[in-house]
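File shown: input_10.pdb (PDB, N, CA and C atoms).
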```
ATOM      1  N   MET L 317      37.763  -9.605   1.060
ATOM      2  CA  MET L 317      38.322 -10.382  -0.031
ATOM      3  C   MET L 317      37.861 -11.837   0.087
ATOM      4  N   GLU L 318      37.487 -12.410  -1.034
ATOM      5  CA  GLU L 318      37.013 -13.793  -1.051
ATOM      6  C   GLU L 318      38.195 -14.757  -1.071
ATOM      7  N   PRO L 319      38.086 -15.867  -0.353
ATOM      8  CA  PRO L 319      39.153 -16.870  -0.381
ATOM      9  C   PRO L 319      39.253 -17.529  -1.759
ATOM     10  N   ASP L 320      40.465 -17.776  -2.210
ATOM     11  CA  ASP L 320      40.687 -18.453  -3.488
ATOM     12  C   ASP L 320      40.858 -19.941  -3.211
ATOM     13  N   VAL L 321      39.749 -20.673  -3.236
ATOM     14  CA  VAL L 321      39.774 -22.092  -2.879
ATOM     15  C   VAL L 321      39.375 -22.994  -4.048
ATOM     16  N   LEU L 322      39.344 -22.445  -5.253
ATOM     17  CA  LEU L 322      38.978 -23.230  -6.427
ATOM     18  C   LEU L 322      39.903 -24.433  -6.577
ATOM     19  N   ALA L 323      39.331 -25.613  -6.723
ATOM     20  CA  ALA L 323      40.014 -26.895  -6.900
ATOM     21  C   ALA L 323      40.631 -27.443  -5.606
ATOM     22  N   TRP L 324      40.440 -26.757  -4.493
ATOM     23  CA  TRP L 324      40.921 -27.278  -3.213
ATOM     24  C   TRP L 324      40.037 -28.442  -2.779
ATOM     25  N   ARG L 325      40.595 -29.338  -1.999
ATOM     26  CA  ARG L 325      39.774 -30.377  -1.369
ATOM     27  C   ARG L 325      38.879 -29.711  -0.335
ATOM     28  N   LEU L 326      37.669 -30.234  -0.209
ATOM     29  CA  LEU L 326      36.653 -29.607   0.622
ATOM     30  C   LEU L 326      37.090 -29.344   2.064
ATOM     31  N   PRO L 327      37.667 -30.296   2.783
ATOM     32  CA  PRO L 327      38.007 -30.005   4.179
ATOM     33  C   PRO L 327      38.954 -28.803   4.326
ATOM     34  N   ALA L 328      39.953 -28.726   3.474
ATOM     35  CA  ALA L 328      40.905 -27.618   3.557
ATOM     36  C   ALA L 328      40.249 -26.302   3.167
ATOM     37  N   ALA L 329      39.410 -26.323   2.132
ATOM     38  CA  ALA L 329      38.724 -25.114   1.681
ATOM     39  C   ALA L 329      37.773 -24.596   2.760
ATOM     40  N   ALA L 330      37.004 -25.488   3.342
ATOM     41  CA  ALA L 330      36.057 -25.083   4.380
ATOM     42  C   ALA L 330      36.793 -24.527   5.598
ATOM     43  N   GLU L 331      37.900 -25.125   5.953
ATOM     44  CA  GLU L 331      38.679 -24.647   7.106
ATOM     45  C   GLU L 331      39.252 -23.254   6.838
ATOM     46  N   LEU L 332      39.800 -23.032   5.653
ATOM     47  CA  LEU L 332      40.337 -21.708   5.330
ATOM     48  C   LEU L 332      39.226 -20.659   5.371
ATOM     49  N   CYS L 333      38.085 -20.986   4.795
ATOM     50  CA  CYS L 333      36.961 -20.052   4.825
ATOM     51  C   CYS L 333      36.585 -19.713   6.262
ATOM     52  N   ARG L 334      36.509 -20.724   7.101
ATOM     53  CA  ARG L 334      36.158 -20.510   8.508
ATOM     54  C   ARG L 334      37.180 -19.607   9.187
ATOM     55  N   GLN L 335      38.465 -19.872   8.944
ATOM     56  CA  GLN L 335      39.526 -19.063   9.555
ATOM     57  C   GLN L 335      39.464 -17.604   9.110
ATOM     58  N   LEU L 336      38.988 -17.375   7.882
ATOM     59  CA  LEU L 336      38.886 -16.015   7.350
ATOM     60  C   LEU L 336      37.550 -15.351   7.678
ATOM     61  N   GLY L 337      36.719 -16.066   8.454
ATOM     62  CA  GLY L 337      35.466 -15.488   8.915
ATOM     63  C   GLY L 337      34.279 -15.681   7.995
ATOM     64  N   TRP L 338      34.380 -16.609   7.064
ATOM     65  CA  TRP L 338      33.282 -16.906   6.141
ATOM     66  C   TRP L 338      32.465 -18.075   6.666
ATOM     67  N   GLU L 339      31.156 -17.956   6.577
ATOM     68  CA  GLU L 339      30.239 -19.058   6.858
ATOM     69  C   GLU L 339      29.888 -19.675   5.509
ATOM     70  N   VAL L 340      30.074 -20.983   5.372
ATOM     71  CA  VAL L 340      29.840 -21.602   4.067
ATOM     72  C   VAL L 340      28.787 -22.696   4.130
ATOM     73  N   GLU L 341      28.048 -22.790   3.049
ATOM     74  CA  GLU L 341      27.113 -23.886   2.806
ATOM     75  C   GLU L 341      27.734 -24.705   1.681
ATOM     76  N   VAL L 342      27.621 -26.021   1.745
ATOM     77  CA  VAL L 342      28.197 -26.901   0.724
ATOM     78  C   VAL L 342      27.075 -27.479  -0.124
ATOM     79  N   VAL L 343      27.225 -27.343  -1.442
ATOM     80  CA  VAL L 343      26.291 -27.935  -2.399
ATOM     81  C   VAL L 343      27.086 -28.940  -3.218
ATOM     82  N   ARG L 344      26.592 -30.168  -3.281
ATOM     83  CA  ARG L 344      27.281 -31.230  -4.021
ATOM     84  C   ARG L 344      26.644 -31.437  -5.387
ATOM     85  N   THR L 345      27.490 -31.739  -6.368
ATOM     86  CA  THR L 345      27.019 -32.024  -7.717
ATOM     87  C   THR L 345      27.815 -33.203  -8.265
ATOM     88  N   ALA L 346      27.296 -33.827  -9.323
ATOM     89  CA  ALA L 346      27.971 -34.966  -9.955
ATOM     90  C   ALA L 346      27.535 -35.043 -11.405
ATOM     91  N   PRO L 347      28.336 -35.697 -12.248
ATOM     92  CA  PRO L 347      27.921 -35.870 -13.638
ATOM     93  C   PRO L 347      26.689 -36.772 -13.719
ATOM     94  N   PRO L 348      25.848 -36.567 -14.723
ATOM     95  CA  PRO L 348      24.652 -37.408 -14.857
ATOM     96  C   PRO L 348      25.014 -38.890 -14.991
ATOM     97  N   GLY L 349      24.319 -39.707 -14.223
ATOM     98  CA  GLY L 349      24.478 -41.154 -14.339
ATOM     99  C   GLY L 349      25.735 -41.730 -13.715
ATOM    100  N   ARG L 350      26.582 -40.888 -13.153
ATOM    101  CA  ARG L 350      27.822 -41.392 -12.533
ATOM    102  C   ARG L 350      27.953 -40.812 -11.143
ATOM    103  N   LYS L 351      28.596 -41.555 -10.283
ATOM    104  CA  LYS L 351      28.850 -41.093  -8.926
ATOM    105  C   LYS L 351      30.304 -41.365  -8.581
ATOM    106  N   PRO L 352      31.213 -40.476  -9.000
ATOM    107  CA  PRO L 352      32.621 -40.680  -8.663
ATOM    108  C   PRO L 352      32.790 -40.767  -7.149
ATOM    109  N   GLY L 353      33.802 -41.479  -6.718
ATOM    110  CA  GLY L 353      33.981 -41.689  -5.290
ATOM    111  C   GLY L 353      35.247 -41.115  -4.711
ATOM    112  N   GLY L 354      35.924 -40.254  -5.435
ATOM    113  CA  GLY L 354      37.170 -39.681  -4.933
ATOM    114  C   GLY L 354      36.917 -38.514  -3.999
ATOM    115  N   PRO L 355      37.982 -37.818  -3.625
ATOM    116  CA  PRO L 355      37.866 -36.672  -2.723
ATOM    117  C   PRO L 355      37.018 -35.558  -3.357
ATOM    118  N   GLU L 356      36.301 -34.831  -2.516
ATOM    119  CA  GLU L 356      35.498 -33.713  -3.000
ATOM    120  C   GLU L 356      36.382 -32.482  -3.192
ATOM    121  N   ARG L 357      36.220 -31.830  -4.333
ATOM    122  CA  ARG L 357      36.970 -30.612  -4.647
ATOM    123  C   ARG L 357      36.003 -29.477  -4.968
ATOM    124  N   VAL L 358      36.444 -28.268  -4.670
ATOM    125  CA  VAL L 358      35.622 -27.076  -4.882
ATOM    126  C   VAL L 358      35.598 -26.713  -6.366
ATOM    127  N   LEU L 359      34.394 -26.576  -6.905
ATOM    128  CA  LEU L 359      34.203 -26.149  -8.292
ATOM    129  C   LEU L 359      33.868 -24.666  -8.378
ATOM    130  N   ARG L 360      33.230 -24.137  -7.322
ATOM    131  CA  ARG L 360      32.819 -22.737  -7.345
ATOM    132  C   ARG L 360      32.687 -22.195  -5.931
ATOM    133  N   PHE L 361      33.119 -20.962  -5.755
ATOM    134  CA  PHE L 361      32.897 -20.201  -4.535
ATOM    135  C   PHE L 361      31.965 -19.068  -4.917
ATOM    136  N   GLN L 362      30.792 -19.011  -4.297
ATOM    137  CA  GLN L 362      29.821 -17.973  -4.625
ATOM    138  C   GLN L 362      29.410 -17.243  -3.355
ATOM    139  N   ALA L 363      29.808 -15.966  -3.267
ATOM    140  CA  ALA L 363      29.389 -15.147  -2.134
ATOM    141  C   ALA L 363      27.909 -14.831  -2.298
ATOM    142  N   VAL L 364      27.117 -15.075  -1.251
ATOM    143  CA  VAL L 364      25.680 -14.849  -1.322
ATOM    144  C   VAL L 364      25.218 -13.742  -0.375
ATOM    145  N   ALA L 365      26.088 -13.348   0.530
ATOM    146  CA  ALA L 365      25.818 -12.276   1.494
ATOM    147  C   ALA L 365      27.165 -11.919   2.105
ATOM    148  N   PRO L 366      27.232 -10.822   2.857
ATOM    149  CA  PRO L 366      28.504 -10.503   3.508
ATOM    150  C   PRO L 366      28.971 -11.661   4.400
ATOM    151  N   ARG L 367      30.143 -12.168   4.094
ATOM    152  CA  ARG L 367      30.773 -13.255   4.865
ATOM    153  C   ARG L 367      29.996 -14.566   4.844
ATOM    154  N   LYS L 368      29.129 -14.751   3.840
ATOM    155  CA  LYS L 368      28.410 -16.017   3.655
ATOM    156  C   LYS L 368      28.594 -16.441   2.209
ATOM    157  N   ALA L 369      28.865 -17.735   2.013
ATOM    158  CA  ALA L 369      29.137 -18.224   0.665
ATOM    159  C   ALA L 369      28.627 -19.646   0.491
ATOM    160  N   VAL L 370      28.516 -20.019  -0.775
ATOM    161  CA  VAL L 370      28.167 -21.394  -1.145
ATOM    162  C   VAL L 370      29.371 -21.981  -1.867
ATOM    163  N   LEU L 371      29.822 -23.146  -1.398
ATOM    164  CA  LEU L 371      30.871 -23.896  -2.081
ATOM    165  C   LEU L 371      30.195 -25.020  -2.847
ATOM    166  N   THR L 372      30.352 -25.020  -4.161
ATOM    167  CA  THR L 372      29.851 -26.129  -4.976
ATOM    168  C   THR L 372      31.006 -27.101  -5.158
ATOM    169  N   VAL L 373      30.767 -28.366  -4.813
ATOM    170  CA  VAL L 373      31.827 -29.363  -4.850
ATOM    171  C   VAL L 373      31.389 -30.601  -5.624
ATOM    172  N   ALA L 374      32.379 -31.333  -6.105
ATOM    173  CA  ALA L 374      32.129 -32.619  -6.766
ATOM    174  C   ALA L 374      33.290 -33.546  -6.437
ATOM    175  N   CYS L 375      33.017 -34.830  -6.466
ATOM    176  CA  CYS L 375      34.080 -35.820  -6.248
ATOM    177  C   CYS L 375      34.899 -35.941  -7.520
ATOM    178  N   GLU L 376      36.205 -36.048  -7.329
ATOM    179  CA  GLU L 376      37.054 -36.308  -8.496
ATOM    180  C   GLU L 376      37.065 -37.809  -8.748
ATOM    181  N   GLU L 377      37.399 -38.189  -9.959
ATOM    182  CA  GLU L 377      37.493 -39.619 -10.291
ATOM    183  C   GLU L 377      38.608 -40.255  -9.460
ATOM    184  N   GLU L 378      38.348 -41.422  -8.911
ATOM    185  CA  GLU L 378      39.356 -42.092  -8.091
ATOM    186  C   GLU L 378      40.540 -42.588  -8.920
ATOM    187  N   ASN L 379      40.278 -43.162 -10.072
ATOM    188  CA  ASN L 379      41.339 -43.741 -10.900
ATOM    189  C   ASN L 379      41.431 -43.003 -12.221
ATOM    190  N   LEU L 380      41.615 -41.717 -12.151
ATOM    191  CA  LEU L 380      41.701 -40.895 -13.365
ATOM    192  C   LEU L 380      42.995 -41.203 -14.095
ATOM    193  N   LYS L 381      42.871 -41.558 -15.373
ATOM    194  CA  LYS L 381      44.053 -41.875 -16.178
ATOM    195  C   LYS L 381      44.328 -40.729 -17.132
ATOM    196  N   GLU L 382      45.597 -40.363 -17.256
ATOM    197  CA  GLU L 382      45.984 -39.319 -18.190
ATOM    198  C   GLU L 382      46.282 -39.936 -19.534
ATOM    199  N   GLY L 383      46.104 -39.098 -20.580
ATOM    200  CA  GLY L 383      46.496 -39.546 -21.912
ATOM    201  C   GLY L 383      45.388 -39.962 -22.692
TER
END
```
What do you get writing this file as structure tokens?
Amino acid sequence: MEPDVLAWRLPAAAELCRQLGWEVEVVRTAPPGRKPGGPERVLRFQAVAPRKAVLTVACEEENLKEG
């Protein structure tokens, strides 16, 4: 079973994957022309082989305003 780590912060997601026996590679992405500086969150978990996965992550906006 794959870990459900969507939207988790990267350190916690990577640790859970490790505890469950998954080896993960991290791929970072960002919106064009911007480099947000907040915590990295998981956007996608992609199994690529038995017990191996790629976590795609991006930084969330530091001062995200609602409304």
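When the PyMOL selection byres ((chain L and resi 361) around 7) is evaluated on the file shown here, the picked residues come out as L:Val321, L:Leu322, L:Val358, L:Leu359, L:Arg360, L:Gln362, L:Ala363, L:Ala369, L:Val370, L:Leu371, L:Thr372.
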Keeping N, CA and C atoms for every residue in the selection just given, could you write it to a file as an mmCIF file, in the frame of the given file?
```
data_model
loop_
_atom_site.group_PDB
_atom_site.id
_atom_site.type_symbol
_atom_site.label_atom_id
_atom_site.label_comp_id
_atom_site.auth_asym_id
_atom_site.auth_seq_id
_atom_site.Cartn_x
_atom_site.Cartn_y
_atom_site.Cartn_z
ATOM 1 N N VAL L 321 39.749 -20.673 -3.236
ATOM 2 C CA VAL L 321 39.774 -22.092 -2.879
ATOM 3 C C VAL L 321 39.375 -22.994 -4.048
ATOM 4 N N LEU L 322 39.344 -22.445 -5.253
ATOM 5 C CA LEU L 322 38.978 -23.230 -6.427
ATOM 6 C C LEU L 322 39.903 -24.433 -6.577
ATOM 7 N N VAL L 358 36.444 -28.268 -4.670
ATOM 8 C CA VAL L 358 35.622 -27.076 -4.882
ATOM 9 C C VAL L 358 35.598 -26.713 -6.366
ATOM 10 N N LEU L 359 34.394 -26.576 -6.905
ATOM 11 C CA LEU L 359 34.203 -26.149 -8.292
ATOM 12 C C LEU L 359 33.868 -24.666 -8.378
ATOM 13 N N ARG L 360 33.230 -24.137 -7.322
ATOM 14 C CA ARG L 360 32.819 -22.737 -7.345
ATOM 15 C C ARG L 360 32.687 -22.195 -5.931
ATOM 16 N N GLN L 362 30.792 -19.011 -4.297
ATOM 17 C CA GLN L 362 29.821 -17.973 -4.625
ATOM 18 C C GLN L 362 29.410 -17.243 -3.355
ATOM 19 N N ALA L 363 29.808 -15.966 -3.267
ATOM 20 C CA ALA L 363 29.389 -15.147 -2.134
ATOM 21 C C ALA L 363 27.909 -14.831 -2.298
ATOM 22 N N ALA L 369 28.865 -17.735 2.013
ATOM 23 C CA ALA L 369 29.137 -18.224 0.665
ATOM 24 C C ALA L 369 28.627 -19.646 0.491
ATOM 25 N N VAL L 370 28.516 -20.019 -0.775
ATOM 26 C CA VAL L 370 28.167 -21.394 -1.145
ATOM 27 C C VAL L 370 29.371 -21.981 -1.867
ATOM 28 N N LEU L 371 29.822 -23.146 -1.398
ATOM 29 C CA LEU L 371 30.871 -23.896 -2.081
ATOM 30 C C LEU L 371 30.195 -25.020 -2.847
ATOM 31 N N THR L 372 30.352 -25.020 -4.161
ATOM 32 C CA THR L 372 29.851 -26.129 -4.976
ATOM 33 C C THR L 372 31.006 -27.101 -5.158
#
```
Residues within 6.5 Å of L:Glu339, all atoms listed in the file, excluding chain neighbours under 2 positions, as number ranges by chain: L: 333-334, 337, 341, 367-370
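Each of L:Trp338, L:Ala365, L:Arg325, L:Ala374 was compared to L:Gly353 using only N, CA and C atoms, and L:Ala374 turns out to be the nearest.
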May I ask which of the residues L:Leu336, L:Glu376, L:Val343, L:Arg357 is the closest one to L:Ala323, counting only N, CA and C atoms?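 Nearest candidate to L:Ala323 out of L:Leu336, L:Glu376, L:Val343, L:Arg357: L:Arg357.
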For stretch 326-340 of chain L, what centre and edge lengths in Å (one decimal) does the axis-aligned box get once 4 Å is added on each side of all its listed atoms, as JSON?
```
{"center_x": 34.8, "center_y": -22.8, "center_z": 4.7, "size_x": 20.1, "size_y": 22.9, "size_z": 17.8}
```
Nearest to L:Ala346 among L:Leu326, L:Cys375, L:Glu318, L:Val364, with distances taken over only N, CA and C atoms: which residue is it?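 Nearest to L:Ala346: L:Cys375.
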So what do you get for atom CA of L:Gly349 versus atom CA of L:Trp324, distance-wise?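 Separating atom CA of L:Gly349 from atom CA of L:Trp324 is a distance of 24.2 Å.
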Any idea what the distance is between atom C of L:Ala330 and atom N of L:Gly354? 19.2 Å
d(atom C of L:Pro327, atom CA of L:Pro366) in Å: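 One can read the atom C of L:Pro327 to atom CA of L:Pro366 distance as 21.1 Å.
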Could you pull out all residues of chain L with a DSSP call of helix (DSSP H, G or I) and give them as a PyMOL selection string? chain L and resi 326-335
Rank nothing, just name the residue among L:Met317, L:Thr345, L:Glu356, L:Glu331 nearest to L:Glu377, using only C-alpha atoms. L:Glu356
Please give the complete set of residues from chain L that DSSP, run on the backbone, assigns to strand (DSSP E), formatted as an NGL selection string. :L and (339-344 or 356-365 or 368-375)
